[in-house]
Amino acid sequence: MNNSEIPKISEFPIGNENKEYEQYFSGKSWLQPLTNHKELNVPLFNVTFEPGCRNNWHTHSGGQILIAVGGVGLYQEEGKKAIRMKPGDVIEIDSNVKHWHGAAPNEWFSHLAITSNPQTNENTWLEPVSDEDYYTASEQAINLK
């Protein structure tokens, strides 16, 4: 699938297929860096997910901020119910909190991802989110509208 086949769901550029991290995603995603001024120390990316795509469980040693900018997405912390994400929603993720995020089953989704404390923040990729857990989480979150 090329970028011309991806629906325009936000004003941010889609970027390139996320080949570098594809082993940590179930489905396809695209990644576009939005900042490049290294001295500012605020890495910011637009991440776009095809319907049903989500990343593996993971943690960030320095935390992360997600800002939904298009479509419908899901966010879940370990041991908690999933949250439905829609444009304008902001998720603040504390350091070392096990979580995943991605698109709803039948929706494209884009969010901005901000790396907190980038000087020391390390990402630890964990196991994939099972299809069963994903669909259970999405049913709970989507029904909460």
# chains A, B, ... in the order shown; residues from 1 in each chain; ligands from 1
call {"tool": "residues_around", "arguments": {"residues": "Ser10 (chain A)", "least_positions_apart": "3", "cutoff": "8 Å", "atoms": "only C-alpha atoms", "output": "PDB file with N, CA and C atoms, in the first residue's frame"}}
result
ATOM      1  N   PRO A  13       1.682  15.141   7.849  1.00  0.00           N
ATOM      2  CA  PRO A  13       2.128  14.216   6.807  1.00  0.00           C
ATOM      3  C   PRO A  13       2.183  12.781   7.322  1.00  0.00           C
ATOM      4  N   VAL A  69      -4.882  12.741  16.488  1.00  0.00           N
ATOM      5  CA  VAL A  69      -5.110  13.789  15.492  1.00  0.00           C
ATOM      6  C   VAL A  69      -6.018  13.352  14.347  1.00  0.00           C
ATOM      7  N   GLY A  70      -6.351  12.062  14.246  1.00  0.00           N
ATOM      8  CA  GLY A  70      -7.231  11.626  13.176  1.00  0.00           C
ATOM      9  C   GLY A  70      -7.723  10.214  13.384  1.00  0.00           C
ATOM     10  N   SER A 110      -4.373   8.179  13.538  1.00  0.00           N
ATOM     11  CA  SER A 110      -3.082   8.870  13.624  1.00  0.00           C
ATOM     12  C   SER A 110      -2.973   9.556  14.968  1.00  0.00           C
TER      13      SER A 110
END
call {"tool": "select_by_dssp", "arguments": {"residues": "chain A", "states": "alpha helix (DSSP H)", "output": "PyMOL selection string"}}
result
chain A and resi 131-143
call {"tool": "write_last_selection", "arguments": {"atoms": "C-alpha atoms", "output": "compact mmCIF listing (two decimals), in the first residue's frame"}}
result
# COMPACT_ATOMS: atom_id res chain seq x y z
CA ASP A 131 -5.99 -10.80 18.79
CA GLU A 132 -8.30 -11.92 21.61
CA ASP A 133 -7.06 -9.22 24.00
CA TYR A 134 -7.17 -6.60 21.23
CA TYR A 135 -10.78 -7.34 20.27
CA THR A 136 -11.89 -7.48 23.92
CA ALA A 137 -10.20 -4.13 24.59
CA SER A 138 -11.69 -2.56 21.46
CA GLU A 139 -15.22 -3.76 22.28
CA GLN A 140 -14.96 -2.24 25.77
CA ALA A 141 -13.48 1.06 24.52
CA ILE A 142 -15.67 1.55 21.45
CA ASN A 143 -18.84 0.82 23.40
call {"tool": "residues_around", "arguments": {"residues": "Trp57 (chain A)", "least_positions_apart": "4", "cutoff": "12 Å", "atoms": "only C-alpha atoms", "output": "number ranges by chain"}}
result
A: 24-26, 75-78, 96-102, 123-130, 133-134
call {"tool": "closest_residue", "arguments": {"among": "A:Glu11, A:Asp94, A:Glu17, A:Glu39", "to": "His111 (chain A)", "atoms": "only C-alpha atoms"}}
result
A:Glu11
call {"tool": "select_by_dssp", "arguments": {"residues": "region 26-132 of chain A", "states": "strand (DSSP E or B)", "output": "PyMOL selection string"}}
result
chain A and resi 26+29-33+44-49+54-55+58-60+64-71+73-77+83-85+90-93+99-103+109-115+123-125
call {"tool": "atom_distance", "arguments": {"atom1": "CA of Ser116 (chain A)", "atom2": "CA of Pro43 (chain A)"}}
result
8.2 Å
call {"tool": "atom_distance", "arguments": {"atom1": "CA of Glu122 (chain A)", "atom2": "CA of Pro105 (chain A)"}}
result
28.8 Å
call {"tool": "atom_distance", "arguments": {"atom1": "CA of Val42 (chain A)", "atom2": "CA of Lys19 (chain A)"}}
result
22.5 Å
call {"tool": "residues_around", "arguments": {"residues": "Thr48 (chain A)", "least_positions_apart": "2", "cutoff": "10 Å", "atoms": "only C-alpha atoms", "output": "PDB file with N, CA and C atoms, in the first residue's frame"}}
result
ATOM      1  N   ILE A   6      -3.731   5.828   1.346  1.00  0.00           N
ATOM      2  CA  ILE A   6      -4.049   6.043   2.754  1.00  0.00           C
ATOM      3  C   ILE A   6      -4.975   7.247   2.859  1.00  0.00           C
ATOM      4  N   ILE A   9      -6.544  11.672   7.120  1.00  0.00           N
ATOM      5  CA  ILE A   9      -7.334  11.772   8.343  1.00  0.00           C
ATOM      6  C   ILE A   9      -6.841  12.867   9.270  1.00  0.00           C
ATOM      7  N   SER A  10      -5.712  13.509   8.905  1.00  0.00           N
ATOM      8  CA  SER A  10      -5.230  14.642   9.696  1.00  0.00           C
ATOM      9  C   SER A  10      -4.444  15.571   8.786  1.00  0.00           C
ATOM     10  N   PHE A  12      -1.379  16.368   9.322  1.00  0.00           N
ATOM     11  CA  PHE A  12       0.033  16.036   9.428  1.00  0.00           C
ATOM     12  C   PHE A  12       0.439  15.058   8.329  1.00  0.00           C
ATOM     13  N   PRO A  13       1.682  15.141   7.849  1.00  0.00           N
ATOM     14  CA  PRO A  13       2.128  14.216   6.807  1.00  0.00           C
ATOM     15  C   PRO A  13       2.183  12.781   7.322  1.00  0.00           C
ATOM     16  N   ILE A  14       1.908  11.836   6.420  1.00  0.00           N
ATOM     17  CA  ILE A  14       1.891  10.409   6.750  1.00  0.00           C
ATOM     18  C   ILE A  14       3.301   9.859   6.978  1.00  0.00           C
ATOM     19  N   GLY A  15       4.225  10.263   6.141  1.00  0.00           N
ATOM     20  CA  GLY A  15       5.587   9.737   6.241  1.00  0.00           C
ATOM     21  C   GLY A  15       5.738   8.438   5.490  1.00  0.00           C
ATOM     22  N   ASN A  16       6.737   7.684   5.870  1.00  0.00           N
ATOM     23  CA  ASN A  16       7.065   6.425   5.204  1.00  0.00           C
ATOM     24  C   ASN A  16       6.595   5.241   6.033  1.00  0.00           C
ATOM     25  N   GLU A  17       6.401   4.112   5.337  1.00  0.00           N
ATOM     26  CA  GLU A  17       6.036   2.897   6.047  1.00  0.00           C
ATOM     27  C   GLU A  17       7.086   2.644   7.127  1.00  0.00           C
ATOM     28  N   ASN A  18       6.623   2.257   8.290  1.00  0.00           N
ATOM     29  CA  ASN A  18       7.438   2.132   9.497  1.00  0.00           C
ATOM     30  C   ASN A  18       8.208   0.806   9.496  1.00  0.00           C
ATOM     31  N   LYS A  28       0.218  -2.652   9.523  1.00  0.00           N
ATOM     32  CA  LYS A  28       1.117  -1.643   8.963  1.00  0.00           C
ATOM     33  C   LYS A  28       0.921  -0.292   9.630  1.00  0.00           C
ATOM     34  N   SER A  29       2.053   0.404   9.756  1.00  0.00           N
ATOM     35  CA  SER A  29       2.031   1.763  10.291  1.00  0.00           C
ATOM     36  C   SER A  29       3.000   2.620   9.487  1.00  0.00           C
ATOM     37  N   TRP A  30       2.826   3.928   9.601  1.00  0.00           N
ATOM     38  CA  TRP A  30       3.666   4.888   8.908  1.00  0.00           C
ATOM     39  C   TRP A  30       4.179   5.884   9.937  1.00  0.00           C
ATOM     40  N   LEU A  31       5.406   6.372   9.722  1.00  0.00           N
ATOM     41  CA  LEU A  31       6.069   7.223  10.704  1.00  0.00           C
ATOM     42  C   LEU A  31       6.633   8.465  10.014  1.00  0.00           C
ATOM     43  N   GLN A  32       6.308   9.646  10.572  1.00  0.00           N
ATOM     44  CA  GLN A  32       6.823  10.903  10.049  1.00  0.00           C
ATOM     45  C   GLN A  32       7.389  11.749  11.179  1.00  0.00           C
ATOM     46  N   PHE A  45       6.684  12.804  16.564  1.00  0.00           N
ATOM     47  CA  PHE A  45       6.402  12.013  15.370  1.00  0.00           C
ATOM     48  C   PHE A  45       4.902  11.908  15.144  1.00  0.00           C
ATOM     49  N   ASN A  46       4.500  11.881  13.874  1.00  0.00           N
ATOM     50  CA  ASN A  46       3.143  11.491  13.530  1.00  0.00           C
ATOM     51  C   ASN A  46       3.196  10.003  13.195  1.00  0.00           C
ATOM     52  N   GLU A  50      -2.977   1.558  10.091  1.00  0.00           N
ATOM     53  CA  GLU A  50      -4.096   1.047   9.294  1.00  0.00           C
ATOM     54  C   GLU A  50      -5.114   0.419  10.247  1.00  0.00           C
ATOM     55  N   PRO A  51      -6.360   0.205   9.804  1.00  0.00           N
ATOM     56  CA  PRO A  51      -7.349  -0.416  10.690  1.00  0.00           C
ATOM     57  C   PRO A  51      -6.837  -1.725  11.293  1.00  0.00           C
ATOM     58  N   CYS A  53      -4.338  -2.199  13.229  1.00  0.00           N
ATOM     59  CA  CYS A  53      -2.913  -2.196  13.575  1.00  0.00           C
ATOM     60  C   CYS A  53      -2.716  -1.675  14.992  1.00  0.00           C
ATOM     61  N   VAL A  69      -4.882  12.741  16.488  1.00  0.00           N
ATOM     62  CA  VAL A  69      -5.110  13.789  15.492  1.00  0.00           C
ATOM     63  C   VAL A  69      -6.018  13.352  14.347  1.00  0.00           C
ATOM     64  N   GLY A  70      -6.351  12.062  14.246  1.00  0.00           N
ATOM     65  CA  GLY A  70      -7.231  11.626  13.176  1.00  0.00           C
ATOM     66  C   GLY A  70      -7.723  10.214  13.384  1.00  0.00           C
ATOM     67  N   GLY A  71      -8.952   9.966  12.967  1.00  0.00           N
ATOM     68  CA  GLY A  71      -9.520   8.627  13.052  1.00  0.00           C
ATOM     69  C   GLY A  71      -9.909   8.233  14.463  1.00  0.00           C
ATOM     70  N   GLY A 102      -2.984   1.858  19.230  1.00  0.00           N
ATOM     71  CA  GLY A 102      -3.156   1.597  17.799  1.00  0.00           C
ATOM     72  C   GLY A 102      -4.536   1.977  17.325  1.00  0.00           C
ATOM     73  N   ALA A 103      -4.870   1.517  16.133  1.00  0.00           N
ATOM     74  CA  ALA A 103      -6.148   1.849  15.502  1.00  0.00           C
ATOM     75  C   ALA A 103      -7.265   0.933  15.996  1.00  0.00           C
ATOM     76  N   TRP A 108      -8.937   3.893  10.470  1.00  0.00           N
ATOM     77  CA  TRP A 108      -7.565   4.407  10.416  1.00  0.00           C
ATOM     78  C   TRP A 108      -7.370   5.281  11.640  1.00  0.00           C
ATOM     79  N   PHE A 109      -6.119   5.469  12.057  1.00  0.00           N
ATOM     80  CA  PHE A 109      -5.833   6.283  13.234  1.00  0.00           C
ATOM     81  C   PHE A 109      -4.462   6.916  13.116  1.00  0.00           C
ATOM     82  N   SER A 110      -4.373   8.179  13.538  1.00  0.00           N
ATOM     83  CA  SER A 110      -3.082   8.870  13.624  1.00  0.00           C
ATOM     84  C   SER A 110      -2.973   9.556  14.968  1.00  0.00           C
ATOM     85  N   HIS A 111      -1.777   9.489  15.539  1.00  0.00           N
ATOM     86  CA  HIS A 111      -1.504  10.263  16.749  1.00  0.00           C
ATOM     87  C   HIS A 111      -0.111  10.852  16.666  1.00  0.00           C
ATOM     88  N   LEU A 112       0.075  11.950  17.377  1.00  0.00           N
ATOM     89  CA  LEU A 112       1.398  12.500  17.562  1.00  0.00           C
ATOM     90  C   LEU A 112       1.992  11.817  18.776  1.00  0.00           C
TER      91      LEU A 112
END
